[in-house]
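> Supplied structure: entry.csv, CSV, C-alpha atoms and all ligand atoms.
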chain,number,residue,atom,x,y,z
A,1,MET,CA,114.1,135.0,100.6
A,2,ALA,CA,111.9,131.9,101.1
A,3,ASP,CA,113.2,129.3,103.4
A,4,ILE,CA,114.1,126.3,101.2
A,5,VAL,CA,113.6,122.9,102.9
A,6,LEU,CA,114.6,120.8,99.9
A,7,ARG,CA,117.1,122.0,97.3
A,8,VAL,CA,117.9,119.6,94.5
A,9,GLU,CA,120.6,120.4,91.9
A,10,ASP,CA,121.3,118.3,88.8
A,11,LEU,CA,120.5,115.1,90.7
A,12,ALA,CA,121.0,112.0,88.6
A,13,LYS,CA,120.8,108.2,89.0
A,14,THR,CA,122.0,105.6,86.5
A,15,PHE,CA,121.3,102.0,87.4
A,16,LYS,CA,123.4,99.2,86.0
A,17,LYS,CA,121.5,96.0,85.4
A,18,PRO,CA,123.3,93.0,86.8
A,19,PHE,CA,124.7,90.4,84.3
A,20,SER,CA,124.0,92.4,81.1
A,21,GLY,CA,125.6,95.6,82.5
A,22,LYS,CA,123.0,97.6,80.6
A,23,LYS,CA,122.5,101.1,82.0
A,24,VAL,CA,119.2,102.7,82.9
A,25,GLU,CA,119.3,106.4,83.2
A,26,ALA,CA,116.4,106.7,85.6
A,27,VAL,CA,117.0,110.3,86.7
A,28,ARG,CA,119.0,112.5,84.3
A,29,GLY,CA,119.8,115.8,86.1
A,30,VAL,CA,116.8,117.0,88.0
A,31,SER,CA,116.7,120.4,89.8
A,32,PHE,CA,114.0,122.0,91.9
A,33,GLU,CA,113.3,123.6,95.2
A,34,VAL,CA,110.6,123.1,97.9
A,35,ARG,CA,109.9,126.1,100.1
A,36,ARG,CA,108.9,125.8,103.7
A,37,GLY,CA,105.2,125.7,104.3
A,38,GLU,CA,104.2,124.7,100.8
A,39,ILE,CA,102.5,121.7,99.3
A,40,PHE,CA,104.7,120.5,96.4
A,41,GLY,CA,103.5,118.0,93.8
A,42,PHE,CA,106.0,115.7,92.1
A,43,LEU,CA,104.5,114.3,88.9
A,44,GLY,CA,105.3,112.2,85.9
A,45,PRO,CA,104.2,109.1,84.1
A,46,ASN,CA,105.1,105.6,85.2
A,47,GLY,CA,108.9,105.1,85.1
A,48,ALA,CA,109.6,108.9,85.0
A,49,GLY,CA,112.0,108.7,87.9
A,50,LYS,CA,109.9,110.0,90.8
A,51,THR,CA,110.5,107.1,93.2
A,52,THR,CA,114.2,107.0,92.3
A,53,THR,CA,114.5,110.7,93.1
A,54,ILE,CA,112.7,110.2,96.4
A,55,LYS,CA,114.9,107.3,97.3
A,56,MET,CA,118.0,109.4,96.7
A,57,LEU,CA,116.6,112.3,98.8
A,58,THR,CA,115.7,109.9,101.7
A,59,GLY,CA,119.1,108.2,101.6
A,60,LEU,CA,117.9,104.8,100.4
A,61,ILE,CA,120.1,104.9,97.3
A,62,ALA,CA,123.1,106.9,96.4
A,63,ALA,CA,123.0,109.6,93.6
A,64,THR,CA,125.2,109.0,90.6
A,65,ARG,CA,125.6,112.8,90.1
A,66,GLY,CA,124.4,116.1,91.5
A,67,LYS,CA,123.6,117.2,95.0
A,68,ALA,CA,120.7,118.0,97.2
A,69,THR,CA,120.1,119.5,100.7
A,70,LEU,CA,117.3,118.2,102.9
A,71,LEU,CA,116.4,120.7,105.7
A,72,GLY,CA,119.8,122.3,105.1
A,73,GLU,CA,121.8,119.1,105.3
A,74,PRO,CA,123.5,117.6,102.3
A,75,ILE,CA,122.0,114.2,101.4
A,76,PRO,CA,122.3,111.5,102.6
A,77,SER,CA,121.5,112.8,106.0
A,78,PRO,CA,120.2,110.6,108.8
A,79,GLU,CA,120.0,113.7,111.0
A,80,ALA,CA,117.7,115.5,108.5
A,81,MET,CA,115.7,112.3,108.1
A,82,GLY,CA,114.8,112.4,111.8
A,83,ARG,CA,112.9,115.6,111.0
A,84,VAL,CA,111.2,114.1,107.9
A,85,GLY,CA,108.1,111.9,107.8
A,86,PHE,CA,108.5,109.5,104.9
A,87,LEU,CA,105.8,107.3,103.2
A,88,PRO,CA,107.5,105.0,100.8
A,89,GLU,CA,105.8,103.9,97.5
A,90,ASN,CA,104.7,100.5,98.9
A,91,PRO,CA,105.0,100.9,102.7
A,92,TYR,CA,106.1,97.8,104.4
A,93,VAL,CA,104.3,97.2,107.6
A,94,TYR,CA,105.4,94.3,109.7
A,95,PRO,CA,102.6,91.7,109.3
A,96,TYR,CA,102.6,90.3,112.8
A,97,LEU,CA,102.3,93.7,114.5
A,98,THR,CA,99.1,95.6,115.0
A,99,PRO,CA,98.9,99.2,113.6
A,100,ARG,CA,99.3,100.5,117.1
A,101,GLU,CA,102.4,98.4,117.7
A,102,PHE,CA,103.9,99.3,114.4
A,103,VAL,CA,103.4,103.1,114.7
A,104,THR,CA,104.7,102.8,118.3
A,105,LEU,CA,107.8,101.1,117.0
A,106,CYS,CA,108.3,103.9,114.4
A,107,GLY,CA,107.9,106.5,117.1
A,108,ARG,CA,110.4,104.8,119.3
A,109,LEU,CA,112.9,104.5,116.5
A,110,ASN,CA,112.5,108.3,116.1
A,111,GLY,CA,113.4,108.9,119.8
A,112,LEU,CA,109.9,109.1,121.3
A,113,SER,CA,109.1,107.4,124.6
A,114,GLY,CA,106.7,107.4,127.6
A,115,ALA,CA,103.5,109.3,127.6
A,116,LYS,CA,104.6,111.5,124.7
A,117,LEU,CA,105.0,108.4,122.5
A,118,THR,CA,101.6,107.0,123.6
A,119,ASN,CA,99.9,110.4,122.8
A,120,ARG,CA,101.6,110.8,119.5
A,121,VAL,CA,100.7,107.3,118.4
A,122,GLU,CA,97.1,107.8,119.3
A,123,GLU,CA,97.0,111.2,117.5
A,124,ALA,CA,98.6,109.8,114.4
A,125,LEU,CA,96.2,106.8,114.3
A,126,THR,CA,93.2,109.0,114.8
A,127,LYS,CA,94.3,111.5,112.1
A,128,THR,CA,94.7,108.8,109.5
A,129,ALA,CA,91.4,107.1,110.5
A,130,VAL,CA,92.9,103.7,111.5
A,131,ALA,CA,92.3,104.1,115.2
A,132,TYR,CA,89.3,101.7,115.0
A,133,ALA,CA,91.5,98.9,113.6
A,134,GLN,CA,94.5,99.7,115.7
A,135,ASP,CA,94.6,96.4,117.5
A,136,ARG,CA,94.0,94.1,114.5
A,137,ALA,CA,96.9,92.2,113.0
A,138,VAL,CA,98.3,94.2,110.1
A,139,ARG,CA,98.2,91.2,107.8
A,140,ALA,CA,94.4,91.3,108.0
A,141,LEU,CA,94.2,94.9,106.8
A,142,SER,CA,93.2,96.1,103.3
A,143,LYS,CA,95.5,97.9,101.0
A,144,GLY,CA,94.0,101.2,101.8
A,145,MET,CA,94.3,100.6,105.5
A,146,LEU,CA,98.0,99.7,105.1
A,147,GLN,CA,98.5,102.9,103.3
A,148,ARG,CA,97.0,104.8,106.2
A,149,VAL,CA,99.1,102.9,108.7
A,150,GLY,CA,102.1,104.0,106.6
A,151,LEU,CA,100.9,107.6,106.8
A,152,ALA,CA,100.4,107.4,110.6
A,153,ALA,CA,104.0,106.1,110.9
A,154,ALA,CA,105.2,109.0,108.8
A,155,LEU,CA,103.4,111.5,111.1
A,156,VAL,CA,104.1,110.0,114.5
A,157,HIS,CA,107.3,112.0,115.3
A,158,ASP,CA,105.9,115.4,114.4
A,159,PRO,CA,108.1,115.9,111.3
A,160,GLU,CA,108.8,119.3,109.7
A,161,LEU,CA,108.7,117.9,106.2
A,162,LEU,CA,106.5,115.1,104.8
A,163,ILE,CA,107.8,113.2,101.8
A,164,LEU,CA,105.0,111.0,100.5
A,165,ASP,CA,105.4,108.7,97.5
A,166,GLU,CA,101.9,108.3,96.1
A,167,PRO,CA,99.9,108.8,99.4
A,168,MET,CA,96.5,108.3,97.7
A,169,SER,CA,97.4,105.1,96.0
A,170,GLY,CA,95.1,102.2,96.9
A,171,LEU,CA,92.5,104.5,98.5
A,172,ASP,CA,88.8,104.8,97.6
A,173,PRO,CA,87.3,108.2,96.7
A,174,VAL,CA,86.4,108.8,100.4
A,175,GLY,CA,89.9,107.7,101.5
A,176,ARG,CA,91.5,110.0,98.9
A,177,LYS,CA,89.5,113.0,100.2
A,178,GLU,CA,90.5,112.1,103.8
A,179,VAL,CA,94.1,112.1,102.8
A,180,ARG,CA,93.7,115.3,100.9
A,181,ASP,CA,92.2,116.9,103.9
A,182,LEU,CA,95.0,115.5,106.1
A,183,ILE,CA,97.6,117.0,103.8
A,184,VAL,CA,95.9,120.4,104.0
A,185,GLN,CA,95.6,120.1,107.8
A,186,GLU,CA,99.3,119.1,108.2
A,187,ARG,CA,100.3,122.1,106.2
A,188,ALA,CA,98.1,124.3,108.4
A,189,ALA,CA,100.0,122.8,111.3
A,190,GLY,CA,103.2,124.1,109.9
A,191,ARG,CA,104.5,121.2,107.9
A,192,THR,CA,105.9,121.2,104.4
A,193,VAL,CA,104.5,118.5,102.2
A,194,PHE,CA,106.3,117.0,99.1
A,195,PHE,CA,104.4,114.2,97.5
A,196,SER,CA,104.3,112.3,94.2
A,197,SER,CA,101.0,111.4,92.6
A,198,HIS,CA,99.3,110.3,89.4
A,199,ILE,CA,96.0,111.8,90.5
A,200,LEU,CA,96.2,115.1,88.8
A,201,SER,CA,92.9,116.4,90.1
A,202,ASP,CA,94.1,115.9,93.6
A,203,VAL,CA,97.4,117.7,92.8
A,204,GLU,CA,95.5,120.5,91.2
A,205,MET,CA,93.4,121.0,94.3
A,206,LEU,CA,96.2,120.7,96.8
A,207,CYS,CA,99.5,121.9,95.5
A,208,ASP,CA,101.1,125.4,95.5
A,209,ARG,CA,103.8,124.3,93.1
A,210,VAL,CA,104.5,121.3,91.0
A,211,CYS,CA,107.3,119.8,89.0
A,212,ILE,CA,106.6,117.2,86.2
A,213,LEU,CA,109.2,114.7,85.2
A,214,ARG,CA,109.5,112.9,81.9
A,215,ARG,CA,112.0,110.2,81.3
A,216,GLY,CA,114.2,111.4,84.2
A,217,GLU,CA,114.1,115.1,83.3
A,218,VAL,CA,112.0,118.1,84.5
A,219,VAL,CA,109.7,119.2,81.7
A,220,VAL,CA,107.4,121.5,83.6
A,221,ALA,CA,107.9,123.4,86.9
A,222,GLY,CA,106.1,126.2,88.5
A,223,SER,CA,103.2,127.4,90.6
A,224,ILE,CA,99.8,125.8,89.8
A,225,HIS,CA,98.4,129.3,89.6
A,226,ASP,CA,100.9,130.3,86.9
A,227,LEU,CA,100.5,127.0,85.0
A,228,LEU,CA,96.7,127.0,85.0
A,229,GLY,CA,95.9,130.6,85.1
A,230,ASN,CA,96.7,130.9,81.4
A,231,ASP,CA,94.9,133.5,79.3
A,232,SER,CA,94.9,131.4,76.1
A,233,ARG,CA,91.4,132.0,74.6
A,234,ARG,CA,90.2,128.5,74.2
A,235,PHE,CA,86.5,127.7,74.0
A,236,GLU,CA,84.3,124.7,73.7
A,237,ILE,CA,81.3,125.3,71.4
A,238,SER,CA,78.4,122.9,71.5
A,239,LEU,CA,76.2,122.7,68.5
A,240,ALA,CA,73.0,120.8,67.9
A,241,ASP,CA,71.2,120.2,64.6
A,242,VAL,CA,74.4,120.1,62.7
A,243,SER,CA,73.6,119.3,59.1
A,244,GLU,CA,75.8,117.0,57.1
A,245,PRO,CA,77.2,119.8,54.8
A,246,LEU,CA,78.0,121.9,57.8
A,247,ALA,CA,79.7,119.0,59.6
A,248,GLN,CA,81.8,118.5,56.5
A,249,GLN,CA,82.6,122.2,56.2
A,250,LEU,CA,83.6,122.5,59.9
A,251,ALA,CA,85.6,119.2,59.8
A,252,GLU,CA,88.1,120.9,57.5
A,253,LYS,CA,89.3,122.9,60.5
A,254,HIS,CA,88.0,121.2,63.6
A,255,ALA,CA,87.5,117.6,64.8
A,256,PRO,CA,84.4,117.6,67.0
A,257,ARG,CA,83.7,115.4,70.0
A,258,HIS,CA,80.2,113.9,70.0
A,259,VAL,CA,78.1,114.1,73.1
A,260,GLY,CA,74.8,112.4,72.2
A,261,ALA,CA,73.4,114.4,69.3
A,262,VAL,CA,75.5,117.4,70.2
A,263,CYS,CA,78.8,118.2,68.5
A,264,VAL,CA,81.5,119.8,70.7
A,265,TYR,CA,84.2,121.9,68.9
A,266,GLU,CA,87.3,123.1,70.7
A,267,VAL,CA,88.6,126.3,69.2
A,268,GLU,CA,91.3,128.8,70.1
A,269,GLY,CA,91.0,132.6,69.7
A,270,ASP,CA,88.2,135.0,69.3
A,271,GLU,CA,88.5,135.0,65.5
A,272,ALA,CA,88.0,131.2,65.3
A,273,VAL,CA,85.0,131.4,67.6
A,274,ARG,CA,83.4,134.1,65.4
A,275,ASP,CA,84.2,132.1,62.3
A,276,LEU,CA,82.7,128.8,63.6
A,277,LEU,CA,79.6,130.5,65.1
A,278,GLY,CA,79.0,132.4,61.8
A,279,HIS,CA,79.1,129.2,59.7
A,280,ALA,CA,77.0,127.3,62.3
A,281,LEU,CA,74.2,129.9,62.5
A,282,ALA,CA,74.1,130.5,58.8
A,283,ALA,CA,73.6,126.7,58.3
A,284,GLY,CA,70.8,126.6,60.8
A,285,ALA,CA,72.6,124.8,63.7
A,286,ARG,CA,71.6,125.5,67.2
A,287,VAL,CA,74.2,126.9,69.6
A,288,GLU,CA,73.9,125.0,72.9
A,289,SER,CA,76.8,126.6,74.7
A,290,VAL,CA,80.1,128.6,74.3
A,291,THR,CA,82.3,127.8,77.3
A,292,PRO,CA,85.8,129.2,78.0
A,293,ARG,CA,88.0,126.3,78.5
A,294,ARG,CA,90.7,126.6,81.2
A,295,GLU,CA,93.6,124.3,80.8
A,296,THR,CA,93.8,121.6,83.4
A,297,LEU,CA,96.8,120.0,84.9
A,298,GLU,CA,95.8,116.9,82.9
A,299,ASP,CA,96.0,118.9,79.7
A,300,ILE,CA,99.5,120.1,80.6
A,301,PHE,CA,100.5,116.6,81.6
A,302,VAL,CA,99.3,115.0,78.4
A,303,ARG,CA,100.9,117.7,76.3
A,304,ARG,CA,104.3,117.8,78.0
A,305,ALA,CA,104.9,114.6,79.9
A,306,LEU,CA,103.8,111.8,77.6
B,1,LIG,N1,116.8,99.2,91.1
B,1,LIG,C1,116.6,99.5,89.8
B,1,LIG,N2,117.4,98.9,88.9
B,1,LIG,C2,117.2,99.2,87.6
B,1,LIG,N3,116.3,100.1,87.1
B,1,LIG,C3,115.5,100.7,88.0
B,1,LIG,C4,115.6,100.4,89.4
B,1,LIG,N4,114.7,101.2,90.0
B,1,LIG,C5,114.1,101.9,89.1
B,1,LIG,N5,114.5,101.6,87.8
B,1,LIG,C6,114.1,102.1,86.6
B,1,LIG,O1,114.2,103.5,86.7
B,1,LIG,C7,113.1,104.2,86.0
B,1,LIG,C8,112.4,105.1,86.9
B,1,LIG,O2,111.7,104.3,87.9
B,1,LIG,P1,110.9,105.0,89.1
B,1,LIG,O3,110.4,103.9,90.0
B,1,LIG,O4,111.7,106.0,89.7
B,1,LIG,O5,109.7,105.7,88.4
B,1,LIG,P2,108.4,106.4,88.9
B,1,LIG,O6,108.3,107.7,88.3
B,1,LIG,O7,108.3,106.3,90.4
B,1,LIG,O8,107.2,105.5,88.3
B,1,LIG,P3,105.8,105.1,88.9
B,1,LIG,O9,104.8,106.2,88.6
B,1,LIG,O10,105.4,103.8,88.1
B,1,LIG,O11,105.9,104.8,90.4
B,1,LIG,C9,112.3,103.0,85.4
B,1,LIG,O12,112.7,102.8,84.1
B,1,LIG,C10,112.6,101.9,86.3
B,1,LIG,O13,112.5,100.7,85.6
B,2,MG,MG,107.1,105.5,91.8
Rewrite the structure from the file as structure tokens, please.

Amino acid sequence: MADIVLRVEDLAKTFKKPFSGKKVEAVRGVSFEVRRGEIFGFLGPNGAGKTTTIKMLTGLIAATRGKATLLGEPIPSPEAMGRVGFLPENPYVYPYLTPREFVTLCGRLNGLSGAKLTNRVEEALTKTAVAYAQDRAVRALSKGMLQRVGLAAALVHDPELLILDEPMSGLDPVGRKEVRDLIVQERAAGRTVFFSSHILSDVEMLCDRVCILRRGEVVVAGSIHDLLGNDSRRFEISLADVSEPLAQQLAEKHAPRHVGAVCVYEVEGDEAVRDLLGHALAAGARVESVTPRRETLEDIFVRRAL
């Protein structure tokens, strides 16, 4: 059986608003497992409950119901957290320290000292590409740089499991790629990575398995391969020279997308493809392309999570 580093069972959190006493059911019974060595994506629209779940797992807030084990320890577990590298949603980095001082402090708090500490700090700053700014004051750094300093702090003590709440947030496209590469590299070095993100293309590229939350509940869970490797027969058919009568005839069944003068129809099933092409050719339209359309994670997200 696979080694489970994070097991979450029916975890729930209800916040009570001060004064009004109104309840917010932020997480409503979430269950999933993260296996050792995998990259696991934790997704969901704004307010779905990702950060709240991560806060419960990392011991920042108490669960209202349910249980979870982190590296085999029931949460909250300060011992297990010593083996976890955590990047919070908006990492707070002390403004009057330099990145090197801050990451050194984090390493020290995790029990490192001496040459080992110095080496680990240097390694973490290099990996996250902040070494060049390591002696500047943190308050003078850009948002993306702060995010990297937060990542360096998460990595400094050589953790088994990385829990990253939106690690690509605030980064430019090059920075995002660097963080993607870093995640892959860390997994290759034997770490398990659990991260939340809104950037579905990144998740699709990186993750072995994902779980999508919607209003505090899991609505989709599974391996990326199973979720996207569907064999639904969907096609995109691009037609040029679509006459008005043909457009009207096709509009009864399909709403096209217009790309310049080309009409793009999305159809499902061989029968529908044959039908549409038959009508199009008979009416003198030009077939520009017929492309099988694989479902993307974004399609699944839009269909199931919104
Ligand atoms: N301390 C709190 N008190 C009251 N409600 C809260 C608290 N923290 C979060 N919530 C509510 O819980 C819900 C889930 O919030 P959460 O921050 O977990 O979402 P999220 O999935 O991380 O969203 P985002 O993608 O925007 O980061 C939201 O409705 C939020 O307003
Ligand atoms: Mg969040």
> Which one of A:Ile237, A:Ala154, A:Arg108, A:Glu178 sits closest to Pro256 of chain A if you count only C-alpha atoms?
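Looking only at the distances to Pro256 of chain A, the closest residue turns out to be A:Ile237.
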> Smallest atom-to-atom distance to Leu6 of chain A: which of A:Phe19, A:Pro45, A:Val193, A:Arg187, using only C-alpha atoms?
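Looking only at the distances to Leu6 of chain A, the closest residue turns out to be A:Val193.
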> With distances taken over all atoms listed in the file, which residue among A:Arg180, A:Leu161, A:Tyr96, A:Val210 lies nearest Thr128 of chain A?
A:Arg180
> What does the list of residues within 10 Å of ligand MG 2 (chain B) look like if you count only C-alpha atoms and all ligand atoms, written as number ranges by chain?
A: 43-55, 88-90, 165-166, 196-198
> Please write as a ChimeraX atom specification the list of polymer residues whose atoms come within 9 Å of (111.4, 122.4, 95.0), counting only C-alpha atoms and keeping to the coordinates of the file.
/A:4-8,31-35,40,194,209-211,221
> Taking (91.7, 133.4, 72.1) in the file's coordinates as the center, which residues reach within 12 Å of it, counting only C-alpha atoms, put as a short mmCIF file (atom, residue, chain, number, x, y, z; two decimals) with C-alpha atoms, keeping the file's coordinate frame?

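Okay, result_0.cif is ready:
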data_model
loop_
_atom_site.label_atom_id
_atom_site.label_comp_id
_atom_site.auth_asym_id
_atom_site.auth_seq_id
_atom_site.Cartn_x
_atom_site.Cartn_y
_atom_site.Cartn_z
CA ASN A 230 96.70 130.90 81.40
CA ASP A 231 94.90 133.50 79.30
CA SER A 232 94.90 131.40 76.10
CA ARG A 233 91.40 132.00 74.60
CA ARG A 234 90.20 128.50 74.20
CA PHE A 235 86.50 127.70 74.00
CA GLU A 236 84.30 124.70 73.70
CA GLU A 266 87.30 123.10 70.70
CA VAL A 267 88.60 126.30 69.20
CA GLU A 268 91.30 128.80 70.10
CA GLY A 269 91.00 132.60 69.70
CA ASP A 270 88.20 135.00 69.30
CA GLU A 271 88.50 135.00 65.50
CA ALA A 272 88.00 131.20 65.30
CA VAL A 273 85.00 131.40 67.60
CA ARG A 274 83.40 134.10 65.40
CA PRO A 292 85.80 129.20 78.00
CA ARG A 293 88.00 126.30 78.50
CA ARG A 294 90.70 126.60 81.20
#
> Pick out the closest residue to ligand LIG 1 (chain B) from this set: A:Ala62, A:Met205, A:Val259, A:Val264. Count all atoms listed in the file.
A:Ala62
> So which one's closest to ligand LIG 1 (chain B), A:Arg191, A:Arg136, A:Lys143, A:Arg215? Using only C-alpha atoms and all ligand atoms, please.
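Counting only C-alpha atoms and all ligand atoms, the residue closest to ligand LIG 1 (chain B) is A:Arg215.
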> Could you work out how far atom CA of Leu206 of chain A lies from atom CA of Val184 of chain A, giving the answer in Å with one decimal?
7.2 Å
> What would segment 154-181 of chain A look like with N, CA and C atoms in place, written as a PDB file, in the frame of the given file?

ATOM      1  N   ALA A 154     104.474 107.867 109.296  1.00  0.00           N
ATOM      2  CA  ALA A 154     105.200 109.000 108.800  1.00  0.00           C
ATOM      3  C   ALA A 154     104.986 110.260 109.679  1.00  0.00           C
ATOM      4  N   LEU A 155     103.819 110.295 110.336  1.00  0.00           N
ATOM      5  CA  LEU A 155     103.400 111.500 111.100  1.00  0.00           C
ATOM      6  C   LEU A 155     103.825 111.441 112.572  1.00  0.00           C
ATOM      7  N   VAL A 156     104.118 110.238 113.063  1.00  0.00           N
ATOM      8  CA  VAL A 156     104.100 110.000 114.500  1.00  0.00           C
ATOM      9  C   VAL A 156     105.168 110.918 115.251  1.00  0.00           C
ATOM     10  N   HIS A 157     106.285 111.220 114.602  1.00  0.00           N
ATOM     11  CA  HIS A 157     107.300 112.000 115.300  1.00  0.00           C
ATOM     12  C   HIS A 157     107.286 113.469 115.057  1.00  0.00           C
ATOM     13  N   ASP A 158     106.124 113.948 114.579  1.00  0.00           N
ATOM     14  CA  ASP A 158     105.900 115.400 114.400  1.00  0.00           C
ATOM     15  C   ASP A 158     106.965 115.997 113.466  1.00  0.00           C
ATOM     16  N   PRO A 159     107.077 115.456 112.227  1.00  0.00           N
ATOM     17  CA  PRO A 159     108.100 115.900 111.300  1.00  0.00           C
ATOM     18  C   PRO A 159     107.881 117.298 110.740  1.00  0.00           C
ATOM     19  N   GLU A 160     108.956 117.958 110.339  1.00  0.00           N
ATOM     20  CA  GLU A 160     108.800 119.300 109.700  1.00  0.00           C
ATOM     21  C   GLU A 160     108.394 119.155 108.259  1.00  0.00           C
ATOM     22  N   LEU A 161     108.907 118.086 107.632  1.00  0.00           N
ATOM     23  CA  LEU A 161     108.700 117.900 106.200  1.00  0.00           C
ATOM     24  C   LEU A 161     108.113 116.493 105.980  1.00  0.00           C
ATOM     25  N   LEU A 162     107.063 116.412 105.193  1.00  0.00           N
ATOM     26  CA  LEU A 162     106.500 115.100 104.800  1.00  0.00           C
ATOM     27  C   LEU A 162     106.929 114.796 103.384  1.00  0.00           C
ATOM     28  N   ILE A 163     107.518 113.629 103.168  1.00  0.00           N
ATOM     29  CA  ILE A 163     107.800 113.200 101.800  1.00  0.00           C
ATOM     30  C   ILE A 163     106.978 111.944 101.568  1.00  0.00           C
ATOM     31  N   LEU A 164     106.002 112.073 100.677  1.00  0.00           N
ATOM     32  CA  LEU A 164     105.000 111.000 100.500  1.00  0.00           C
ATOM     33  C   LEU A 164     105.038 110.524  99.067  1.00  0.00           C
ATOM     34  N   ASP A 165     105.371 109.255  98.873  1.00  0.00           N
ATOM     35  CA  ASP A 165     105.400 108.700  97.500  1.00  0.00           C
ATOM     36  C   ASP A 165     104.049 108.067  97.228  1.00  0.00           C
ATOM     37  N   GLU A 166     103.222 108.767  96.495  1.00  0.00           N
ATOM     38  CA  GLU A 166     101.900 108.300  96.100  1.00  0.00           C
ATOM     39  C   GLU A 166     100.977 108.023  97.360  1.00  0.00           C
ATOM     40  N   PRO A 167     100.709 109.051  98.165  1.00  0.00           N
ATOM     41  CA  PRO A 167      99.900 108.800  99.400  1.00  0.00           C
ATOM     42  C   PRO A 167      98.487 108.399  99.131  1.00  0.00           C
ATOM     43  N   MET A 168      97.940 108.698  97.946  1.00  0.00           N
ATOM     44  CA  MET A 168      96.500 108.300  97.700  1.00  0.00           C
ATOM     45  C   MET A 168      96.398 106.983  97.033  1.00  0.00           C
ATOM     46  N   SER A 169      97.508 106.332  96.749  1.00  0.00           N
ATOM     47  CA  SER A 169      97.400 105.100  96.000  1.00  0.00           C
ATOM     48  C   SER A 169      96.697 104.018  96.839  1.00  0.00           C
ATOM     49  N   GLY A 170      95.802 103.303  96.215  1.00  0.00           N
ATOM     50  CA  GLY A 170      95.100 102.200  96.900  1.00  0.00           C
ATOM     51  C   GLY A 170      93.895 102.711  97.722  1.00  0.00           C
ATOM     52  N   LEU A 171      93.621 104.015  97.698  1.00  0.00           N
ATOM     53  CA  LEU A 171      92.500 104.500  98.500  1.00  0.00           C
ATOM     54  C   LEU A 171      91.256 104.716  97.658  1.00  0.00           C
ATOM     55  N   ASP A 172      90.084 104.495  98.272  1.00  0.00           N
ATOM     56  CA  ASP A 172      88.800 104.800  97.600  1.00  0.00           C
ATOM     57  C   ASP A 172      88.571 106.269  97.568  1.00  0.00           C
ATOM     58  N   PRO A 173      87.544 106.740  96.830  1.00  0.00           N
ATOM     59  CA  PRO A 173      87.300 108.200  96.700  1.00  0.00           C
ATOM     60  C   PRO A 173      87.199 108.886  98.099  1.00  0.00           C
ATOM     61  N   VAL A 174      86.539 108.224  99.047  1.00  0.00           N
ATOM     62  CA  VAL A 174      86.400 108.800 100.400  1.00  0.00           C
ATOM     63  C   VAL A 174      87.767 108.900 101.054  1.00  0.00           C
ATOM     64  N   GLY A 175      88.516 107.799 100.931  1.00  0.00           N
ATOM     65  CA  GLY A 175      89.900 107.700 101.500  1.00  0.00           C
ATOM     66  C   GLY A 175      90.769 108.799 100.916  1.00  0.00           C
ATOM     67  N   ARG A 176      90.646 108.991  99.607  1.00  0.00           N
ATOM     68  CA  ARG A 176      91.500 110.000  98.900  1.00  0.00           C
ATOM     69  C   ARG A 176      91.158 111.388  99.470  1.00  0.00           C
ATOM     70  N   LYS A 177      89.883 111.642  99.656  1.00  0.00           N
ATOM     71  CA  LYS A 177      89.500 113.000 100.200  1.00  0.00           C
ATOM     72  C   LYS A 177      90.040 113.133 101.590  1.00  0.00           C
ATOM     73  N   GLU A 178      89.957 112.050 102.370  1.00  0.00           N
ATOM     74  CA  GLU A 178      90.500 112.100 103.800  1.00  0.00           C
ATOM     75  C   GLU A 178      91.966 112.450 103.747  1.00  0.00           C
ATOM     76  N   VAL A 179      92.694 111.820 102.822  1.00  0.00           N
ATOM     77  CA  VAL A 179      94.100 112.100 102.800  1.00  0.00           C
ATOM     78  C   VAL A 179      94.405 113.503 102.265  1.00  0.00           C
ATOM     79  N   ARG A 180      93.603 113.954 101.304  1.00  0.00           N
ATOM     80  CA  ARG A 180      93.700 115.300 100.900  1.00  0.00           C
ATOM     81  C   ARG A 180      93.538 116.297 102.025  1.00  0.00           C
ATOM     82  N   ASP A 181      92.466 116.044 102.783  1.00  0.00           N
ATOM     83  CA  ASP A 181      92.200 116.900 103.900  1.00  0.00           C
ATOM     84  C   ASP A 181      93.320 116.856 104.940  1.00  0.00           C
TER      85      ASP A 181
END
